[in-house]
file entry35.cif (mmCIF, C-alpha atoms)
data_target
loop_
_atom_site.group_PDB
_atom_site.id
_atom_site.type_symbol
_atom_site.label_atom_id
_atom_site.label_comp_id
_atom_site.auth_asym_id
_atom_site.auth_seq_id
_atom_site.Cartn_x
_atom_site.Cartn_y
_atom_site.Cartn_z
ATOM 1 C CA MET E 1307 -6.773 -4.148 2.668
ATOM 2 C CA LEU E 1308 -7.017 -7.600 1.054
ATOM 3 C CA LYS E 1309 -9.063 -6.248 -1.846
ATOM 4 C CA PHE E 1310 -5.816 -4.982 -3.413
ATOM 5 C CA LEU E 1311 -3.964 -8.282 -2.930
ATOM 6 C CA SER E 1312 -4.065 -11.647 -4.617
ATOM 7 C CA LYS E 1313 -1.723 -13.389 -2.165
ATOM 8 C CA VAL E 1314 -0.206 -12.902 1.290
ATOM 9 C CA ARG E 1315 2.628 -15.058 2.587
ATOM 10 C CA ILE E 1316 3.704 -14.753 6.222
ATOM 11 C CA GLU E 1317 6.857 -16.576 7.335
ATOM 12 C CA PHE E 1318 8.105 -16.815 10.906
ATOM 13 C CA ASN E 1319 9.552 -19.098 13.569
ATOM 14 C CA ALA E 1320 7.028 -19.386 16.397
ATOM 15 C CA LEU E 1321 9.843 -19.293 18.970
ATOM 16 C CA ASP E 1322 11.319 -16.080 17.570
ATOM 17 C CA PRO E 1323 10.602 -13.092 19.852
ATOM 18 C CA ARG E 1324 10.404 -10.763 16.796
ATOM 19 C CA ILE E 1325 7.120 -12.161 15.405
ATOM 20 C CA ALA E 1326 4.755 -9.501 16.797
ATOM 21 C CA SER E 1327 4.334 -7.781 13.429
ATOM 22 C CA CYS E 1328 3.629 -11.104 11.675
ATOM 23 C CA MET E 1329 1.011 -12.115 14.221
ATOM 24 C CA GLU E 1330 -0.733 -8.737 14.136
ATOM 25 C CA PHE E 1331 -0.737 -8.697 10.329
ATOM 26 C CA LEU E 1332 -2.078 -12.270 10.236
ATOM 27 C CA ALA E 1333 -4.880 -11.235 12.598
ATOM 28 C CA GLN E 1334 -5.720 -8.311 10.291
ATOM 29 C CA CYS E 1335 -5.805 -10.654 7.285
ATOM 30 C CA ASN E 1336 -8.082 -13.098 9.107
ATOM 31 C CA ALA E 1337 -10.549 -10.407 10.163
ATOM 32 C CA ARG E 1338 -14.026 -10.936 8.731
ATOM 33 C CA LYS E 1339 -14.124 -7.522 7.054
ATOM 34 C CA ALA E 1340 -10.767 -8.124 5.334
ATOM 35 C CA LYS E 1341 -11.778 -11.578 4.092
ATOM 36 C CA GLU E 1342 -15.108 -10.277 2.787
ATOM 37 C CA SER E 1343 -13.307 -7.544 0.811
ATOM 38 C CA ASN E 1344 -11.532 -10.220 -1.284
ATOM 39 C CA PRO E 1345 -12.443 -13.854 -0.606
ATOM 40 C CA SER E 1346 -10.116 -15.042 -3.385
ATOM 41 C CA CYS E 1347 -6.974 -13.616 -1.743
ATOM 42 C CA GLN E 1348 -4.741 -16.480 -0.608
ATOM 43 C CA VAL E 1349 -3.296 -16.107 2.889
ATOM 44 C CA GLN E 1350 -0.423 -18.530 3.457
ATOM 45 C CA VAL E 1351 1.470 -19.048 6.694
ATOM 46 C CA LYS E 1352 4.855 -20.769 6.691
ATOM 47 C CA ARG E 1353 6.108 -21.749 10.113
ATOM 48 C CA ARG E 1354 9.870 -21.972 10.039
ATOM 49 C CA THR E 1355 12.216 -23.871 12.346
ATOM 50 C CA ASP E 1356 15.411 -21.970 11.512
ATOM 51 C CA ASP E 1357 16.763 -18.533 12.429
ATOM 52 C CA TYR E 1358 15.365 -16.905 9.283
ATOM 53 C CA PRO E 1359 13.924 -13.485 10.215
ATOM 54 C CA PRO E 1360 10.144 -13.041 10.065
ATOM 55 C CA LYS E 1361 8.898 -11.629 6.764
ATOM 56 C CA ILE E 1362 5.664 -10.751 5.037
ATOM 57 C CA THR E 1363 5.340 -10.988 1.257
ATOM 58 C CA VAL E 1364 2.311 -9.558 -0.504
ATOM 59 C CA THR E 1365 1.316 -9.875 -4.164
ATOM 60 C CA PHE E 1366 -0.879 -7.105 -5.509
ATOM 61 C CA VAL E 1367 -3.708 -7.839 -7.937
ATOM 62 C CA ASN E 1368 -1.551 -6.471 -10.792
ATOM 63 C CA GLY E 1369 1.141 -9.097 -10.046
ATOM 64 C CA VAL E 1370 3.649 -6.840 -8.291
ATOM 65 C CA GLU E 1371 5.224 -8.562 -5.300
ATOM 66 C CA GLU E 1372 6.655 -6.778 -2.278
ATOM 67 C CA THR E 1373 8.438 -8.244 0.747
ATOM 68 C CA PHE E 1374 8.574 -6.579 4.161
ATOM 69 C CA ASP E 1375 11.051 -7.253 6.959
ATOM 70 C CA ALA E 1376 8.646 -8.002 9.787
ATOM 71 C CA THR E 1377 11.345 -7.561 12.432
ATOM 72 C CA SER E 1378 11.570 -3.818 11.820
ATOM 73 C CA THR E 1379 8.294 -2.893 10.100
ATOM 74 C CA PRO E 1380 5.131 -2.645 12.225
ATOM 75 C CA ALA E 1381 2.000 -4.332 10.873
ATOM 76 C CA GLN E 1382 0.154 -1.004 10.737
ATOM 77 C CA THR E 1383 2.896 0.474 8.531
ATOM 78 C CA ILE E 1384 2.639 -2.495 6.150
ATOM 79 C CA ARG E 1385 -1.148 -2.120 6.078
ATOM 80 C CA ASN E 1386 -0.887 1.609 5.317
ATOM 81 C CA LEU E 1387 1.612 0.977 2.505
ATOM 82 C CA ILE E 1388 -0.756 -1.595 0.978
ATOM 83 C CA LEU E 1389 -3.691 0.826 1.203
ATOM 84 C CA ASP E 1390 -1.633 3.619 -0.394
ATOM 85 C CA LYS E 1391 -0.523 1.412 -3.282
ATOM 86 C CA GLY E 1392 -4.046 0.064 -3.609
ATOM 87 C CA SER E 1393 -5.366 3.577 -4.007
ATOM 88 C CA LEU E 1394 -2.917 4.106 -6.862
ATOM 89 C CA LEU E 1395 -4.061 0.831 -8.439
ATOM 90 C CA GLU E 1396 -7.686 2.003 -8.279
ATOM 91 C CA THR E 1397 -6.755 5.304 -9.908
ATOM 92 C CA GLU E 1398 -4.828 3.518 -12.652
ATOM 93 C CA GLN E 1399 -7.754 1.177 -13.297
ATOM 94 C CA MET E 1400 -10.186 4.103 -13.437
ATOM 95 C CA PHE E 1401 -8.064 5.847 -16.083
ATOM 96 C CA ARG E 1402 -7.659 2.677 -18.149
ATOM 97 C CA GLU E 1403 -11.409 1.940 -18.046
ATOM 98 C CA ALA E 1404 -12.046 5.475 -19.281
ATOM 99 C CA GLY E 1405 -9.656 4.869 -22.178
ATOM 100 C CA GLU E 1406 -7.147 7.389 -20.880
ATOM 101 C CA GLN E 1407 -3.386 7.045 -21.003
ATOM 102 C CA TRP E 1408 -1.634 5.872 -17.856
ATOM 103 C CA PRO E 1409 0.493 7.224 -16.327
ATOM 104 C CA VAL E 1410 -0.870 10.704 -16.875
ATOM 105 C CA ILE E 1411 1.785 12.883 -18.472
ATOM 106 C CA VAL E 1412 1.348 16.592 -17.850
ATOM 107 C CA PRO E 1413 3.047 18.735 -20.497
ATOM 108 C CA GLU E 1414 5.919 20.853 -19.185
ATOM 109 C CA GLU E 1415 4.257 24.116 -20.296
ATOM 110 C CA GLU E 1416 1.172 23.320 -18.204
ATOM 111 C CA LEU E 1417 3.295 22.755 -15.124
ATOM 112 C CA ARG E 1418 4.688 26.284 -15.434
ATOM 113 C CA GLN E 1419 1.328 28.014 -15.792
ATOM 114 C CA PRO E 1420 0.079 29.992 -12.779
ATOM 115 C CA PHE E 1421 -2.779 28.507 -10.852
ATOM 116 C CA THR E 1422 -5.678 30.904 -11.225
ATOM 117 C CA GLY E 1423 -7.840 29.335 -8.525
ATOM 118 C CA ILE E 1424 -6.007 31.122 -5.706
ATOM 119 C CA LYS E 1425 -6.224 34.849 -5.273
ATOM 120 C CA PRO E 1426 -2.915 36.311 -4.013
ATOM 121 C CA ARG E 1427 -3.163 38.150 -0.704
ATOM 122 C CA LYS E 1428 -2.362 41.828 -0.565
ATOM 123 C CA ALA E 1429 0.598 43.102 1.434
ATOM 124 C CA GLU E 1430 -1.703 44.651 4.090
ATOM 125 C CA GLU E 1431 -3.459 41.292 4.701
ATOM 126 C CA LYS E 1432 -0.133 39.539 5.216
ATOM 127 C CA LYS E 1433 0.891 41.915 8.026
ATOM 128 C CA GLN E 1434 -2.218 41.256 10.131
#

call {"tool": "encode", "arguments": {"input": "entry35.cif", "output": "structure tokens"}}
result
Amino acid sequence: MLKFLSKVRIEFNALDPRIASCMEFLAQCNARKAKESNPSCQVQVKRRTDDYPPKITVTFVNGVEETFDATSTPAQTIRNLILDKGSLLETEQMFREAGEQWPVIVPEEELRQPFTGIKPRKAEEKKQ
């Protein structure tokens, strides 16, 4: 998960009962496997003393920053979103390294062409 991130900032008040997501996400970030995937990723924890709601802010390796409301977003959901966006980043990087245009633009006429890889079923096969 950390291999797609350059920075993680977790903010919470330790006395706030809504910090479960922050604590779970922090544990995931501190896991050996996560740290080994990107040792240069900065993980910052800010302990607050006010009523500010818990939040998690991540910065992707391409500089895009995203903030999650940790009171209503489970840590696993945040992790899955990071992995999904990371997969897109890997795809983008692969295209750029190959000298291809990104994003890939498919011409309108190609979108309307029939897909020849699937053989249509006959009416008799559908009834069975």

call {"tool": "residues_near_point", "arguments": {"input": "entry35.cif", "point": "(-2.6, -1.9, -3.8)", "cutoff": "9 Å", "atoms": "only C-alpha atoms", "output": "PyMOL selection string"}}
result
chain E and resi 1307-1311+1365-1368+1387-1396

call {"tool": "atom_distance", "arguments": {"input": "entry35.cif", "atom1": "atom CA of Val1370 of chain E", "atom2": "atom CA of Thr1355 of chain E"}}
result
28.1 Å

call {"tool": "atom_distance", "arguments": {"input": "entry35.cif", "atom1": "atom CA of Pro1413 of chain E", "atom2": "atom CA of Phe1401 of chain E"}}
result
17.6 Å

call {"tool": "closest_residue", "arguments": {"input": "entry35.cif", "among": "E:Asn1319, E:Ser1312, E:Gln1350, E:Ser1327", "to": "Phe1374 of chain E", "atoms": "all atoms listed in the file"}}
result
E:Ser1327

call {"tool": "resolve_selection", "arguments": {"input": "entry35.cif", "expression": "the PyMOL selection byres ((chain E and resi 1378) around 12)", "output": "count of residues only"}}
result
19

call {"tool": "closest_residue", "arguments": {"input": "entry35.cif", "among": "E:Val1410, E:Lys1313, E:Arg1385, E:Arg1402", "to": "Pro1345 of chain E", "atoms": "all atoms listed in the file"}}
result
E:Lys1313

call {"tool": "atom_distance", "arguments": {"input": "entry35.cif", "atom1": "atom CA of Arg1354 of chain E", "atom2": "atom CA of Leu1321 of chain E"}}
result
9.3 Å

call {"tool": "axis_aligned_box", "arguments": {"input": "entry35.cif", "around": "segment 1335-1348 of chain E", "padding_each_side": "3 Å", "output": "AutoDock Vina command-line options"}}
result
--center_x -9.9 --center_y -12.0 --center_z 3.4 --size_x 16.4 --size_y 15.0 --size_z 19.5

call {"tool": "build_atoms", "arguments": {"input": "entry35.cif", "residues": "segment 1336-1347 of chain E", "atoms": "all heavy atoms", "output": "tab-separated table (two decimals), in the coordinates of the input"}}
result
chain	number	residue	atom	x	y	z
E	1336	ASN	N	-7.03	-12.14	8.76
E	1336	ASN	CA	-8.08	-13.10	9.11
E	1336	ASN	C	-9.35	-12.43	9.61
E	1336	ASN	O	-10.34	-13.13	9.88
E	1336	ASN	CB	-7.57	-14.10	10.14
E	1336	ASN	CG	-6.65	-15.12	9.53
E	1336	ASN	OD1	-6.79	-15.48	8.36
E	1336	ASN	ND2	-5.67	-15.59	10.30
E	1337	ALA	N	-9.35	-11.13	9.72
E	1337	ALA	CA	-10.55	-10.41	10.16
E	1337	ALA	C	-11.66	-10.59	9.13
E	1337	ALA	O	-11.42	-10.66	7.93
E	1337	ALA	CB	-10.23	-8.93	10.36
E	1338	ARG	N	-12.88	-10.69	9.61
E	1338	ARG	CA	-14.03	-10.94	8.73
E	1338	ARG	C	-14.15	-9.87	7.64
E	1338	ARG	O	-14.35	-10.19	6.47
E	1338	ARG	CB	-15.31	-11.01	9.56
E	1338	ARG	CG	-16.55	-11.35	8.74
E	1338	ARG	CD	-17.78	-11.56	9.61
E	1338	ARG	NE	-18.00	-10.53	10.58
E	1338	ARG	CZ	-18.76	-9.44	10.38
E	1338	ARG	NH1	-19.36	-9.28	9.22
E	1338	ARG	NH2	-18.92	-8.54	11.32
E	1339	LYS	N	-13.99	-8.62	8.02
E	1339	LYS	CA	-14.12	-7.52	7.05
E	1339	LYS	C	-13.07	-7.63	5.95
E	1339	LYS	O	-13.37	-7.40	4.77
E	1339	LYS	CB	-14.00	-6.18	7.78
E	1339	LYS	CG	-14.28	-4.98	6.93
E	1339	LYS	CD	-14.25	-3.71	7.75
E	1339	LYS	CE	-14.46	-2.50	6.88
E	1339	LYS	NZ	-14.38	-1.26	7.64
E	1340	ALA	N	-11.84	-7.98	6.33
E	1340	ALA	CA	-10.77	-8.12	5.33
E	1340	ALA	C	-11.06	-9.28	4.38
E	1340	ALA	O	-10.94	-9.14	3.17
E	1340	ALA	CB	-9.43	-8.34	6.03
E	1341	LYS	N	-11.48	-10.41	4.93
E	1341	LYS	CA	-11.78	-11.58	4.09
E	1341	LYS	C	-12.95	-11.31	3.15
E	1341	LYS	O	-12.95	-11.75	2.01
E	1341	LYS	CB	-12.06	-12.80	4.96
E	1341	LYS	CG	-10.82	-13.39	5.57
E	1341	LYS	CD	-11.13	-14.69	6.26
E	1341	LYS	CE	-9.84	-15.37	6.64
E	1341	LYS	NZ	-10.00	-16.78	6.87
E	1342	GLU	N	-13.95	-10.59	3.63
E	1342	GLU	CA	-15.11	-10.28	2.79
E	1342	GLU	C	-14.74	-9.33	1.65
E	1342	GLU	O	-15.37	-9.35	0.61
E	1342	GLU	CB	-16.23	-9.67	3.63
E	1342	GLU	CG	-16.92	-10.68	4.52
E	1342	GLU	CD	-17.93	-10.05	5.46
E	1342	GLU	OE1	-18.03	-8.80	5.51
E	1342	GLU	OE2	-18.62	-10.81	6.15
E	1343	SER	N	-13.70	-8.49	1.85
E	1343	SER	CA	-13.31	-7.54	0.81
E	1343	SER	C	-12.68	-8.24	-0.39
E	1343	SER	O	-12.71	-7.72	-1.50
E	1343	SER	CB	-12.35	-6.49	1.36
E	1343	SER	OG	-11.07	-7.05	1.62
E	1344	ASN	N	-12.12	-9.45	-0.19
E	1344	ASN	CA	-11.53	-10.22	-1.28
E	1344	ASN	C	-11.40	-11.68	-0.87
E	1344	ASN	O	-10.34	-12.12	-0.45
E	1344	ASN	CB	-10.16	-9.65	-1.67
E	1344	ASN	CG	-9.57	-10.36	-2.87
E	1344	ASN	OD1	-10.17	-11.25	-3.46
E	1344	ASN	ND2	-8.37	-9.96	-3.24
E	1345	PRO	N	-12.48	-12.45	-1.02
E	1345	PRO	CA	-12.44	-13.85	-0.61
E	1345	PRO	C	-11.44	-14.70	-1.39
E	1345	PRO	O	-11.00	-15.75	-0.92
E	1345	PRO	CB	-13.87	-14.35	-0.87
E	1345	PRO	CG	-14.69	-13.14	-1.09
E	1345	PRO	CD	-13.78	-12.04	-1.51
E	1346	SER	N	-11.04	-14.24	-2.57
E	1346	SER	CA	-10.12	-15.04	-3.38
E	1346	SER	C	-8.64	-14.81	-3.04
E	1346	SER	O	-7.77	-15.49	-3.58
E	1346	SER	CB	-10.34	-14.76	-4.88
E	1346	SER	OG	-10.03	-13.41	-5.17
E	1347	CYS	N	-8.36	-13.87	-2.14
E	1347	CYS	CA	-6.97	-13.62	-1.74
E	1347	CYS	C	-6.47	-14.80	-0.91
E	1347	CYS	O	-7.09	-15.19	0.08
E	1347	CYS	CB	-6.87	-12.32	-0.94
E	1347	CYS	SG	-5.19	-11.96	-0.41
